[in-house]
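J.: Below you'll find work-v6.cif; it's mmCIF, C-alpha atoms.
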data_run
loop_
_atom_site.label_atom_id
_atom_site.label_comp_id
_atom_site.auth_asym_id
_atom_site.auth_seq_id
_atom_site.Cartn_x
_atom_site.Cartn_y
_atom_site.Cartn_z
CA MET A 1 92.17 2.45 -20.46
CA GLY A 2 89.52 3.59 -18.01
CA LYS A 3 85.81 2.98 -18.05
CA ASP A 4 85.30 5.86 -20.46
CA GLY A 5 87.41 4.10 -23.08
CA ALA A 6 90.30 6.63 -23.17
CA SER A 7 93.65 5.04 -23.99
CA ILE A 8 96.98 5.69 -22.27
CA PRO A 9 99.88 6.64 -24.60
CA ASP A 10 103.03 4.51 -24.40
CA GLU A 11 105.11 7.53 -23.34
CA GLU A 12 102.83 8.36 -20.41
CA TRP A 13 102.74 4.73 -19.31
CA GLU A 14 106.54 4.42 -19.35
CA ARG A 15 106.87 7.78 -17.57
CA PHE A 16 104.44 6.59 -14.90
CA LEU A 17 106.51 3.47 -14.29
CA ARG A 18 109.77 5.45 -14.10
CA GLU A 19 108.28 7.97 -11.68
CA ALA A 20 106.76 5.23 -9.54
CA GLU A 21 110.10 3.50 -9.27
CA ALA A 22 111.90 6.77 -8.55
CA GLY A 23 109.42 7.83 -5.90
CA THR A 24 109.39 4.56 -3.96
CA GLN A 25 112.44 2.69 -5.08
CA GLY A 26 112.21 -1.05 -4.54
CA ALA A 27 108.62 -0.91 -3.32
CA PRO A 28 106.30 -3.60 -4.67
CA GLU A 29 103.39 -2.41 -6.82
CA GLU A 30 99.76 -3.41 -6.58
CA PRO A 31 98.90 -5.17 -9.86
CA SER A 32 96.03 -4.12 -12.08
CA ALA A 33 94.50 -6.25 -14.81
CA ARG A 34 93.48 -3.02 -16.53
CA ALA A 35 97.02 -1.66 -16.51
CA ARG A 36 98.51 -4.91 -17.69
CA MET A 37 96.17 -5.22 -20.63
CA VAL A 38 96.46 -1.56 -21.63
CA ALA A 39 100.23 -1.89 -21.90
CA ARG A 40 100.11 -5.24 -23.65
CA ARG A 41 97.34 -4.43 -26.12
CA MET A 42 98.93 -1.08 -27.07
CA ARG A 43 101.97 -3.01 -28.21
CA GLU A 44 99.98 -5.65 -30.06
CA GLU A 45 97.10 -3.76 -31.68
CA THR A 46 96.76 -0.73 -33.90
CA ASP A 47 93.20 -0.03 -32.76
CA PRO A 48 92.68 1.59 -29.35
CA PRO A 49 92.43 -1.10 -26.67
CA GLU A 50 89.33 -1.57 -24.55
CA GLY A 51 89.40 -1.32 -20.78
CA TRP A 52 89.22 -4.26 -18.40
CA ARG A 53 85.76 -3.15 -17.26
CA THR A 54 84.33 -1.93 -20.58
CA HIS A 55 82.29 -4.05 -22.93
CA GLN A 56 80.47 -4.25 -26.24
CA PRO A 57 76.88 -5.37 -25.52
CA ALA A 58 75.49 -8.14 -27.65
CA ARG A 59 72.35 -7.56 -29.65
CA ARG A 60 69.56 -9.04 -27.58
CA ARG A 61 68.00 -12.06 -29.22
CA GLN A 62 65.67 -14.93 -28.40
CA GLY A 63 66.97 -18.14 -29.87
CA LYS A 64 67.52 -21.87 -29.97
CA GLY A 65 70.13 -22.97 -27.51
CA TRP A 66 72.81 -20.32 -27.34
CA TYR A 67 76.37 -19.77 -28.27
CA VAL A 68 77.88 -16.84 -26.40
CA VAL A 69 81.32 -15.26 -26.44
CA GLY A 70 82.41 -13.33 -23.36
CA LEU A 71 85.59 -11.30 -22.75
CA LEU A 72 86.21 -9.32 -19.59
CA VAL A 73 89.27 -7.45 -20.83
CA ALA A 74 87.20 -6.24 -23.76
CA VAL A 75 83.88 -7.83 -22.94
CA GLY A 76 82.03 -8.78 -26.09
CA LEU A 77 79.11 -11.21 -26.12
CA LEU A 78 78.22 -13.15 -29.23
CA VAL A 79 75.04 -15.18 -28.97
CA VAL A 80 74.53 -17.99 -31.42
CA ALA A 81 71.34 -20.00 -31.60
CA LEU A 82 71.56 -23.74 -31.97
CA ASP A 83 69.72 -25.10 -35.02
CA PRO A 84 67.65 -28.12 -33.90
CA GLY A 85 68.20 -29.77 -37.27
CA ARG A 86 71.89 -29.94 -36.52
CA VAL A 87 71.85 -30.58 -32.80
CA ALA A 88 73.44 -34.00 -33.07
CA GLY A 89 77.21 -33.89 -33.26
CA TRP A 90 78.87 -35.13 -36.41
CA PHE A 91 82.13 -36.87 -35.96
CA GLY A 92 84.33 -38.44 -38.61
CA GLY A 93 86.72 -41.33 -38.19
CA GLY A 94 84.77 -43.22 -35.54
CA ASP A 95 81.42 -43.87 -33.95
CA GLY A 96 81.48 -40.77 -31.77
CA GLY A 97 80.58 -42.79 -28.74
CA GLY A 98 84.06 -43.55 -27.51
CA GLY A 99 84.88 -46.46 -29.81
CA SER A 100 87.74 -44.64 -31.55
CA ALA A 101 91.21 -44.29 -30.14
CA PRO A 102 91.72 -41.34 -27.76
CA LEU A 103 93.44 -38.31 -29.21
CA ALA A 104 96.98 -37.47 -28.19
CA ALA A 105 97.40 -34.45 -25.93
CA GLU A 106 97.21 -31.07 -27.65
CA SER A 107 100.73 -29.61 -27.59
CA GLU A 108 100.16 -26.86 -30.16
CA PRO A 109 97.20 -25.20 -31.91
CA PRO A 110 95.51 -27.53 -34.42
CA ASP A 111 95.44 -26.42 -38.06
CA HIS A 112 91.87 -27.52 -38.80
CA PRO A 113 88.62 -28.27 -36.94
CA PRO A 114 87.59 -31.83 -36.07
CA ALA A 115 86.14 -33.80 -38.97
CA THR A 116 82.40 -34.27 -39.35
CA ALA A 117 80.43 -37.21 -40.75
CA ALA A 118 77.05 -37.31 -42.46
CA ALA A 119 75.40 -39.57 -39.91
CA ALA A 120 74.09 -37.76 -36.83
CA GLN A 121 74.37 -39.60 -33.53
CA LEU A 122 72.34 -38.30 -30.63
CA PRO A 123 73.78 -38.36 -27.09
CA THR A 124 72.23 -40.64 -24.51
CA VAL A 125 72.48 -40.89 -20.74
CA LYS A 126 74.73 -43.93 -21.17
CA GLN A 127 76.81 -42.28 -23.91
CA PRO A 128 76.50 -38.52 -23.33
CA PHE A 129 79.35 -37.68 -25.73
CA SER A 130 78.00 -39.73 -28.62
CA GLY A 131 78.18 -37.82 -31.89
CA SER A 132 80.70 -35.34 -30.46
CA PRO A 133 84.44 -34.99 -31.14
CA ALA A 134 84.77 -34.88 -27.34
CA ALA A 135 84.15 -38.64 -27.30
CA ARG A 136 87.87 -39.00 -28.04
CA TRP A 137 89.00 -36.30 -25.62
CA ALA A 138 90.46 -36.97 -22.20
CA ASP A 139 88.50 -36.72 -18.97
CA GLY A 140 88.85 -33.74 -16.65
CA ALA A 141 92.32 -32.44 -15.84
CA ALA A 142 93.92 -35.16 -18.00
CA GLY A 143 92.89 -33.22 -21.10
CA ILE A 144 94.83 -30.08 -20.11
CA SER A 145 98.33 -30.42 -21.50
CA LEU A 146 101.22 -29.03 -19.42
CA PRO A 147 104.50 -27.98 -21.06
CA ALA A 148 107.90 -28.96 -19.73
CA ALA A 149 109.13 -26.59 -17.04
CA ARG A 150 112.24 -24.47 -17.53
CA ALA A 151 113.62 -21.46 -15.71
CA ALA A 152 111.86 -18.26 -16.78
CA GLY A 153 111.74 -14.72 -15.44
CA TRP A 154 112.31 -14.62 -11.70
CA MET A 155 111.50 -18.31 -11.30
CA SER A 156 113.71 -21.37 -11.28
CA LYS A 157 112.71 -24.51 -13.15
CA GLU A 158 111.21 -25.95 -9.97
CA GLN A 159 109.22 -22.77 -9.29
CA VAL A 160 107.89 -22.71 -12.84
CA ALA A 161 106.75 -26.33 -12.41
CA GLN A 162 104.90 -25.30 -9.25
CA ALA A 163 103.30 -22.35 -11.07
CA LEU A 164 102.12 -24.64 -13.87
CA ASP A 165 100.64 -27.06 -11.36
CA GLY A 166 98.95 -24.14 -9.59
CA THR A 167 97.56 -22.95 -12.91
CA ARG A 168 96.00 -26.31 -13.62
CA ASP A 169 94.69 -26.42 -10.05
CA PHE A 170 92.86 -23.17 -10.77
CA LEU A 171 91.31 -24.56 -13.95
CA VAL A 172 90.12 -27.63 -12.07
CA ALA A 173 88.74 -25.56 -9.20
CA SER A 174 86.97 -23.08 -11.49
CA SER A 175 85.67 -25.31 -14.27
CA LEU A 176 85.72 -28.95 -13.14
CA ASP A 177 85.03 -29.03 -9.40
CA PRO A 178 81.75 -30.95 -8.88
CA ASP A 179 80.48 -28.59 -6.18
CA VAL A 180 81.18 -25.53 -8.31
CA LEU A 181 79.45 -27.12 -11.30
CA ARG A 182 76.39 -27.60 -9.07
CA GLY A 183 76.34 -23.88 -8.36
CA GLU A 184 78.46 -23.52 -5.25
CA ARG A 185 80.86 -20.61 -4.80
CA PRO A 186 84.32 -21.44 -6.29
CA THR A 187 86.17 -20.83 -3.03
CA LYS A 188 89.27 -22.84 -3.92
CA ALA A 189 89.67 -21.08 -7.25
CA ILE A 190 89.21 -17.62 -5.75
CA ALA A 191 91.84 -18.40 -3.12
CA LEU A 192 94.44 -18.73 -5.90
CA ILE A 193 93.83 -15.18 -7.21
CA ASN A 194 95.99 -12.38 -5.79
CA PRO A 195 93.89 -10.78 -3.02
CA HIS A 196 95.67 -7.45 -3.54
CA GLN A 197 94.48 -7.09 -7.16
CA GLN A 198 91.69 -4.70 -6.31
CA ASP A 199 89.87 -4.47 -9.65
CA VAL A 200 89.55 -8.25 -9.78
CA GLN A 201 88.50 -8.45 -6.13
CA ASP A 202 85.78 -5.87 -6.83
CA TYR A 203 84.51 -8.07 -9.66
CA LEU A 204 84.55 -11.18 -7.47
CA ALA A 205 82.70 -9.38 -4.69
CA THR A 206 79.88 -8.46 -7.05
CA THR A 207 79.59 -11.22 -9.60
CA PHE A 208 78.00 -13.91 -7.41
CA ARG A 209 75.82 -11.51 -5.42
CA ALA A 210 74.49 -9.50 -8.37
CA PRO A 211 75.47 -11.09 -11.70
CA SER A 212 75.10 -8.87 -14.74
CA ARG A 213 76.45 -8.50 -18.25
CA GLU A 214 79.57 -6.79 -16.91
CA ASN A 215 79.91 -8.84 -13.73
CA ASP A 216 79.16 -12.33 -14.99
CA PRO A 217 80.76 -15.22 -13.05
CA LEU A 218 80.48 -17.46 -16.13
CA LEU A 219 83.26 -15.49 -17.76
CA LEU A 220 85.65 -17.25 -15.38
CA PHE A 221 83.75 -20.07 -13.64
CA SER A 222 81.44 -22.90 -14.80
CA ARG A 223 78.20 -23.19 -12.82
CA PHE A 224 74.79 -24.78 -13.39
CA ALA A 225 71.65 -24.23 -11.33
CA LYS A 226 70.99 -27.62 -9.73
CA SER A 227 67.28 -26.86 -9.56
CA LYS A 228 67.21 -26.70 -13.37
CA VAL A 229 69.71 -29.26 -14.68
CA ARG A 230 72.10 -31.91 -13.44
CA LEU A 231 75.31 -33.17 -14.94
CA ILE A 232 75.42 -36.74 -16.20
CA GLY A 233 77.90 -38.80 -14.23
CA ASN A 234 81.19 -37.29 -13.14
CA VAL A 235 82.99 -36.89 -16.48
CA VAL A 236 83.64 -33.57 -18.17
CA LYS A 237 85.57 -33.89 -21.43
CA THR A 238 88.41 -31.42 -21.93
CA ARG A 239 90.97 -30.48 -24.51
CA GLY A 240 93.51 -27.70 -24.23
CA ARG A 241 96.99 -26.59 -23.37
CA ILE A 242 99.00 -24.31 -21.14
CA THR A 243 101.90 -22.16 -22.35
CA TYR A 244 104.11 -19.62 -20.59
CA ARG A 245 106.68 -16.91 -21.19
CA GLU A 246 108.48 -14.19 -19.29
CA GLY A 247 106.15 -11.27 -18.66
CA LYS A 248 106.50 -7.75 -17.26
CA ARG A 249 108.90 -7.16 -14.38
CA GLY A 250 110.28 -10.67 -14.77
CA ALA A 251 106.96 -12.36 -14.00
CA VAL A 252 106.05 -15.73 -15.49
CA GLU A 253 102.97 -15.14 -17.65
CA VAL A 254 100.90 -18.28 -18.19
CA THR A 255 98.22 -18.64 -20.86
CA THR A 256 95.59 -21.38 -20.70
CA ASP A 257 93.30 -22.28 -23.62
CA VAL A 258 90.89 -25.10 -22.76
CA THR A 259 87.54 -26.36 -24.09
CA TYR A 260 85.18 -28.07 -21.64
CA VAL A 261 82.17 -30.21 -22.65
CA TYR A 262 79.44 -30.60 -20.03
CA PRO A 263 76.61 -33.14 -20.65
CA VAL A 264 73.42 -32.40 -18.73
CA VAL A 265 69.79 -33.48 -18.37
CA ARG A 266 66.89 -31.68 -16.76
CA ALA A 267 66.86 -31.80 -12.97
CA ALA A 268 63.50 -33.60 -12.84
CA SER A 269 63.73 -37.25 -11.88
CA GLY A 270 63.65 -39.59 -14.85
CA SER A 271 64.79 -36.98 -17.40
CA ASP A 272 66.80 -38.59 -20.18
CA GLU A 273 67.15 -35.97 -22.92
CA VAL A 274 70.83 -35.03 -23.05
CA ALA A 275 72.07 -31.55 -23.89
CA ARG A 276 75.67 -30.40 -23.98
CA THR A 277 77.12 -27.05 -22.97
CA ILE A 278 80.52 -26.34 -24.52
CA VAL A 279 82.79 -23.72 -22.98
CA ARG A 280 86.15 -22.57 -24.29
CA ARG A 281 88.16 -20.30 -22.01
CA GLU A 282 91.46 -18.51 -22.44
CA VAL A 283 92.79 -17.28 -19.10
CA VAL A 284 96.06 -15.35 -18.87
CA MET A 285 97.66 -15.05 -15.44
CA SER A 286 100.87 -13.57 -14.10
CA TRP A 287 102.92 -15.33 -11.43
CA ASP A 288 104.57 -12.19 -10.12
CA ASP A 289 107.88 -11.57 -8.38
CA PRO A 290 106.92 -10.68 -4.77
CA ALA A 291 109.89 -8.31 -4.66
CA LYS A 292 108.22 -6.18 -7.34
CA VAL A 293 104.47 -6.76 -6.96
CA VAL A 294 102.26 -6.96 -3.87
CA ILE A 295 101.12 -10.57 -3.92
CA GLU A 296 100.59 -13.49 -1.57
CA PRO A 297 102.61 -16.72 -1.95
CA GLY A 298 100.94 -19.30 -4.15
CA THR A 299 98.64 -16.79 -5.89
CA PHE A 300 98.66 -15.19 -9.34
CA SER A 301 97.48 -11.87 -10.76
CA LEU A 302 94.79 -12.10 -13.40
CA VAL A 303 95.77 -10.51 -16.72
CA SER A 304 92.79 -11.34 -18.93
CA TYR A 305 90.16 -13.91 -19.74
CA LYS A 306 87.99 -14.69 -22.73
CA VAL A 307 85.05 -17.06 -22.93
CA ASP A 308 83.31 -18.76 -25.84
CA THR A 309 80.15 -20.68 -24.87
CA THR A 310 77.68 -22.83 -26.80
CA ASN A 311 74.20 -23.65 -25.39
CA GLY A 312 74.79 -21.84 -22.12
CA GLY A 313 72.09 -19.17 -22.25
CA CYS A 314 71.29 -15.94 -24.08
CA ASP A 315 71.30 -12.64 -22.18
CA THR A 316 70.32 -14.53 -19.03
CA PHE A 317 72.69 -13.12 -16.46
CA THR A 318 71.71 -15.36 -13.58
CA GLY A 319 75.23 -16.53 -12.78
CA TYR A 320 74.49 -20.01 -14.16
CA PHE A 321 74.61 -21.69 -17.55
CA THR A 322 71.08 -22.30 -18.83
CA PRO A 323 71.25 -24.97 -21.54
CA GLU A 324 68.24 -25.43 -23.79
CA PHE A 325 66.55 -28.71 -24.70
CA SER A 326 64.35 -29.62 -27.66
CA ALA A 327 61.19 -28.08 -26.17
CA GLU A 328 62.81 -24.64 -25.87
CA ARG A 329 64.42 -24.86 -29.27
CA ALA A 330 61.10 -25.70 -30.89
CA VAL A 331 59.55 -22.36 -29.92
CA THR A 332 62.48 -20.00 -30.37
CA ASP A 333 64.07 -18.49 -33.45
CA SER A 334 67.38 -19.47 -34.94
CA GLY A 335 70.12 -16.90 -35.25
CA ASP A 336 70.89 -14.76 -38.26
CA GLY A 337 74.66 -14.50 -37.79
CA PRO A 338 77.50 -16.71 -39.03
CA GLU A 339 77.77 -20.42 -38.33
CA VAL A 340 80.25 -21.40 -35.62
CA ASP A 341 81.77 -24.79 -34.81
CA PRO A 342 82.29 -24.86 -31.02
CA TYR A 343 84.80 -27.70 -31.35
CA ASP A 344 87.03 -25.75 -33.73
CA ARG A 345 90.18 -25.03 -31.76
CA SER A 346 92.13 -24.06 -34.88
CA THR A 347 90.63 -20.56 -34.62
CA SER A 348 92.36 -18.48 -31.96
CA MET A 349 90.36 -16.82 -29.22
CA ASP A 350 91.52 -13.42 -30.48
CA ALA A 351 90.02 -14.25 -33.88
CA ARG A 352 86.81 -15.37 -32.20
CA MET A 353 86.61 -12.06 -30.36
CA GLN A 354 87.09 -10.13 -33.59
CA GLU A 355 84.40 -12.19 -35.31
CA ALA A 356 82.07 -11.62 -32.37
CA ALA A 357 82.57 -7.86 -32.23
CA GLU A 358 79.98 -6.98 -34.89
CA ALA A 359 78.02 -10.24 -35.04
CA GLY A 360 74.53 -10.78 -33.79
CA CYS A 361 73.15 -14.27 -33.39
CA GLY A 362 74.63 -17.07 -35.40
CA THR A 363 74.14 -20.81 -35.55
CA ALA A 364 76.26 -23.43 -33.79
CA THR A 365 76.83 -26.23 -36.30
CA ARG A 366 76.91 -28.93 -33.62
CA THR A 367 77.05 -29.61 -29.91
#
Write out the structure in this file as structure tokens.
T.:
Amino acid sequence: MGKDGASIPDEEWERFLREAEAGTQGAPEEPSARARMVARRMREETDPPEGWRTHQPARRRQGKGWYVVGLLVAVGLLVVALDPGRVAGWFGGGDGGGGSAPLAAESEPPDHPPATAAAAQLPTVKQPFSGSPAARWADGAAGISLPAARAAGWMSKEQVAQALDGTRDFLVASSLDPDVLRGERPTKAIALINPHQQDVQDYLATTFRAPSRENDPLLLFSRFAKSKVRLIGNVVKTRGRITYREGKRGAVEVTTDVTYVYPVVRAASGSDEVARTIVRREVVMSWDDPAKVVIEPGTFSLVSYKVDTTNGGCDTFTGYFTPEFSAERAVTDSGDGPEVDPYDRSTSMDARMQEAAEAGCGTATRT
């Protein structure tokens, strides 16, 4: 699908591939995230797919700490205001401050959201995850579960293991690297993306220089403006998993689905009110066969990404998350859309995107 939203019929797509192969037999092809998603979504959906660079704008809203859903393949932004009466996380089965046993790694999608308890426990500088299910999550990369490697597509078992490690390296470099979280350019993460994937390179060239609704770096990278807020300590709680399968042209297609919890305070010295920004990302990448696709060793082609963010900012396309604290929430309106639990990983990202498509502002039940 192009920018105008016109879809490409299956027959034309297959004919294009046959003619391309016939015209330059054996020649590698330059990958396109748009082309990949058009082909994939036509097989999976009855509705016409949206283009990689098209989007459904969110209804603009002022609100109380924001929940926002972003998707670059079919960019849709859902903004959800955080209700100050329910700011404190509710967590059942423990004290929410780390006293309960850590959860086992997530090897498959959960079938229900984390439990809640009646007592609200506010986060503190010493216990920034108090009152949150993330208190029992692992720290940093340890919370991202890797599957066992096996031969798939053009890759041997050993090559798949390297691709999985490279995938996790990208997640660390894009969403956990301390310098990136403080607002620096995610150089290490960008270096892992296929430099010959022109549509993605165009996005990367624009998104940090002139962030906008369409070219928003937060769709793929986590960044805070250090002049506004600072992270507490060096721990980001994570929970998620990585899966893979054989993709087009024998590629190994890897899907990552990870939730990150960032505790922050205001940048001013002595600030002690803790806010949390919660980001769930699903990134799909293709580790392509270099005999069939133009690609550099050790890099992947981006297929799609989806983002679901709580308390990260509302229609503020500055290139940084802008979490709200109690003072901002006291003077802004709550949302009028559905309630959303940002810790609920039992709902797929596809379902979240569908829910977000027609929604305005809703309320995050906890942070």
J.: I need the output of the PyMOL selection byres ((chain A and resi 364) around 6) for this file as JSON, numbers by chain; which residues are they?
T.: {"A": [82, 339, 340, 341, 363, 365, 366]}
J.: Using all atoms listed in the file, which residue out of A:Pro133, A:Pro263, A:Gly270, A:Gly233 lies closest to Pro113 in chain A?
T.: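 Between A:Pro133, A:Pro263, A:Gly270, A:Gly233, the residue approaching Pro113 in chain A most closely is A:Pro133.
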J.: Work out how far apart CA of Ser227 in chain A and CA of Leu181 in chain A are and give it in Å to one decimal.
T.: 12.3 Å
J.: Excluding Leu204 in chain A and residues on its chain fewer than 5 positions from it, collect all residues at most 9 Å away from it, counting all atoms listed in the file, and give them as a ChimeraX atom specification.
T.: /A:190,199,209,215,217
J.: For CA of Ser130 in chain A and CA of Glu324 in chain A, determine how far apart the two atoms are, in Å to one decimal place.
T.: 18.0 Å
J.: On this structure, which residues satisfy the PyMOL selection byres ((chain A and resi 191) around 10), written as a list in words?
T.: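 Listing what the PyMOL selection byres ((chain A and resi 191) around 10) selects in the shown file: Phe170, Ala173, Pro186, Thr187, Lys188, Ala189, Ile190, Leu192, Ile193, Asn194, Pro195, Gly298, Thr299 and Phe300 of chain A.
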J.: Taking into account only C-alpha atoms, which residue in the set A:Lys157, A:Arg213, A:Arg266, A:Arg239 is nearest to Leu103 in chain A?
T.: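 Closest candidate: A:Arg239.
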J.: Just to confirm, what's the straight-line distance from CA of Thr277 in chain A to CA of Leu164 in chain A in Å (one decimal)?
T.: 26.7 Å
J.: With distances taken over all atoms listed in the file, which of A:Thr259, A:Thr167, A:Ser174, A:Ser348 is nearest to Val284 in chain A?
T.: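 Nearest to Val284 in chain A: A:Thr167.
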J.: List the residues selected by the PyMOL selection byres ((chain A and resi 228) around 9) in the file shown, writing them as a PDB file with C-alpha atoms, in the frame of the given file.
T.:
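Saved to selection.pdb:
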ATOM      1  CA  PHE A 224      74.790 -24.780 -13.390  1.00  0.00           C
ATOM      2  CA  ALA A 225      71.650 -24.230 -11.330  1.00  0.00           C
ATOM      3  CA  LYS A 226      70.990 -27.620  -9.730  1.00  0.00           C
ATOM      4  CA  SER A 227      67.280 -26.860  -9.560  1.00  0.00           C
ATOM      5  CA  VAL A 229      69.710 -29.260 -14.680  1.00  0.00           C
ATOM      6  CA  ARG A 230      72.100 -31.910 -13.440  1.00  0.00           C
ATOM      7  CA  VAL A 265      69.790 -33.480 -18.370  1.00  0.00           C
ATOM      8  CA  ARG A 266      66.890 -31.680 -16.760  1.00  0.00           C
ATOM      9  CA  ALA A 267      66.860 -31.800 -12.970  1.00  0.00           C
ATOM     10  CA  ALA A 268      63.500 -33.600 -12.840  1.00  0.00           C
ATOM     11  CA  THR A 322      71.080 -22.300 -18.830  1.00  0.00           C
TER      12      THR A 322
END
J.: Taking all atoms listed in the file into account, which of A:Ser222, A:Gln197, A:Ser132, A:Gln127 comes nearest Val279 in chain A?
T.: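 Distance minimum relative to Val279 in chain A lands on A:Ser222.
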J.: Which centre and which edge lengths, in Å to one decimal, describe the axis-aligned box that holds all listed atoms of range 147-154 of chain A after 5 Å is added on each side, as AutoDock Vina command-line options?
T.:
--center_x 109.1 --center_y -21.8 --center_z -16.4 --size_x 19.1 --size_y 24.3 --size_z 19.4
J.: Under the rule that all atoms listed in the file are counted, which of A:Gly153, A:Gly319, A:Pro109, A:Pro123 is the nearest residue to Glu273 in chain A?
T.: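 Checking each of A:Gly153, A:Gly319, A:Pro109, A:Pro123 against Glu273 in chain A, counting all atoms listed in the file, the winner is A:Pro123.
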J.: Have a look at A:Val258, A:Ala142, A:Leu219, A:Val331 and name the one nearest to Ser304 in chain A; count only C-alpha atoms.
T.: A:Leu219
J.: Just the residues within 6 Å of Ser286 in chain A, please, counting only C-alpha atoms, with nothing from its chain fewer than 5 positions along; format it as a ChimeraX atom specification.
T.: /A:252-253,300-301
J.: Would you list the residues near (110.7, -14.4, -21.1), meaning any protein, DNA or RNA residue with an atom at most 12 Å from that point in file coordinates, counting all atoms listed in the file, as a list in words?
T.: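 Residues found, by chain and rising number: Arg150, Ala151, Ala152, Gly153, Trp154, Met155, Thr243, Tyr244, Arg245, Glu246, Gly247, Lys248, Arg249, Gly250, Ala251, Val252, Glu253 and Val254 of chain A.
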J.: Just C-alpha atoms for this one: save the residues we selected as a CSV table (one decimal), in the coordinates of the input.
T.:
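The result, written out as out_3.csv:
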chain,number,residue,atom,x,y,z
A,150,ARG,CA,112.2,-24.5,-17.5
A,151,ALA,CA,113.6,-21.5,-15.7
A,152,ALA,CA,111.9,-18.3,-16.8
A,153,GLY,CA,111.7,-14.7,-15.4
A,154,TRP,CA,112.3,-14.6,-11.7
A,155,MET,CA,111.5,-18.3,-11.3
A,243,THR,CA,101.9,-22.2,-22.4
A,244,TYR,CA,104.1,-19.6,-20.6
A,245,ARG,CA,106.7,-16.9,-21.2
A,246,GLU,CA,108.5,-14.2,-19.3
A,247,GLY,CA,106.2,-11.3,-18.7
A,248,LYS,CA,106.5,-7.8,-17.3
A,249,ARG,CA,108.9,-7.2,-14.4
A,250,GLY,CA,110.3,-10.7,-14.8
A,251,ALA,CA,107.0,-12.4,-14.0
A,252,VAL,CA,106.0,-15.7,-15.5
A,253,GLU,CA,103.0,-15.1,-17.6
A,254,VAL,CA,100.9,-18.3,-18.2
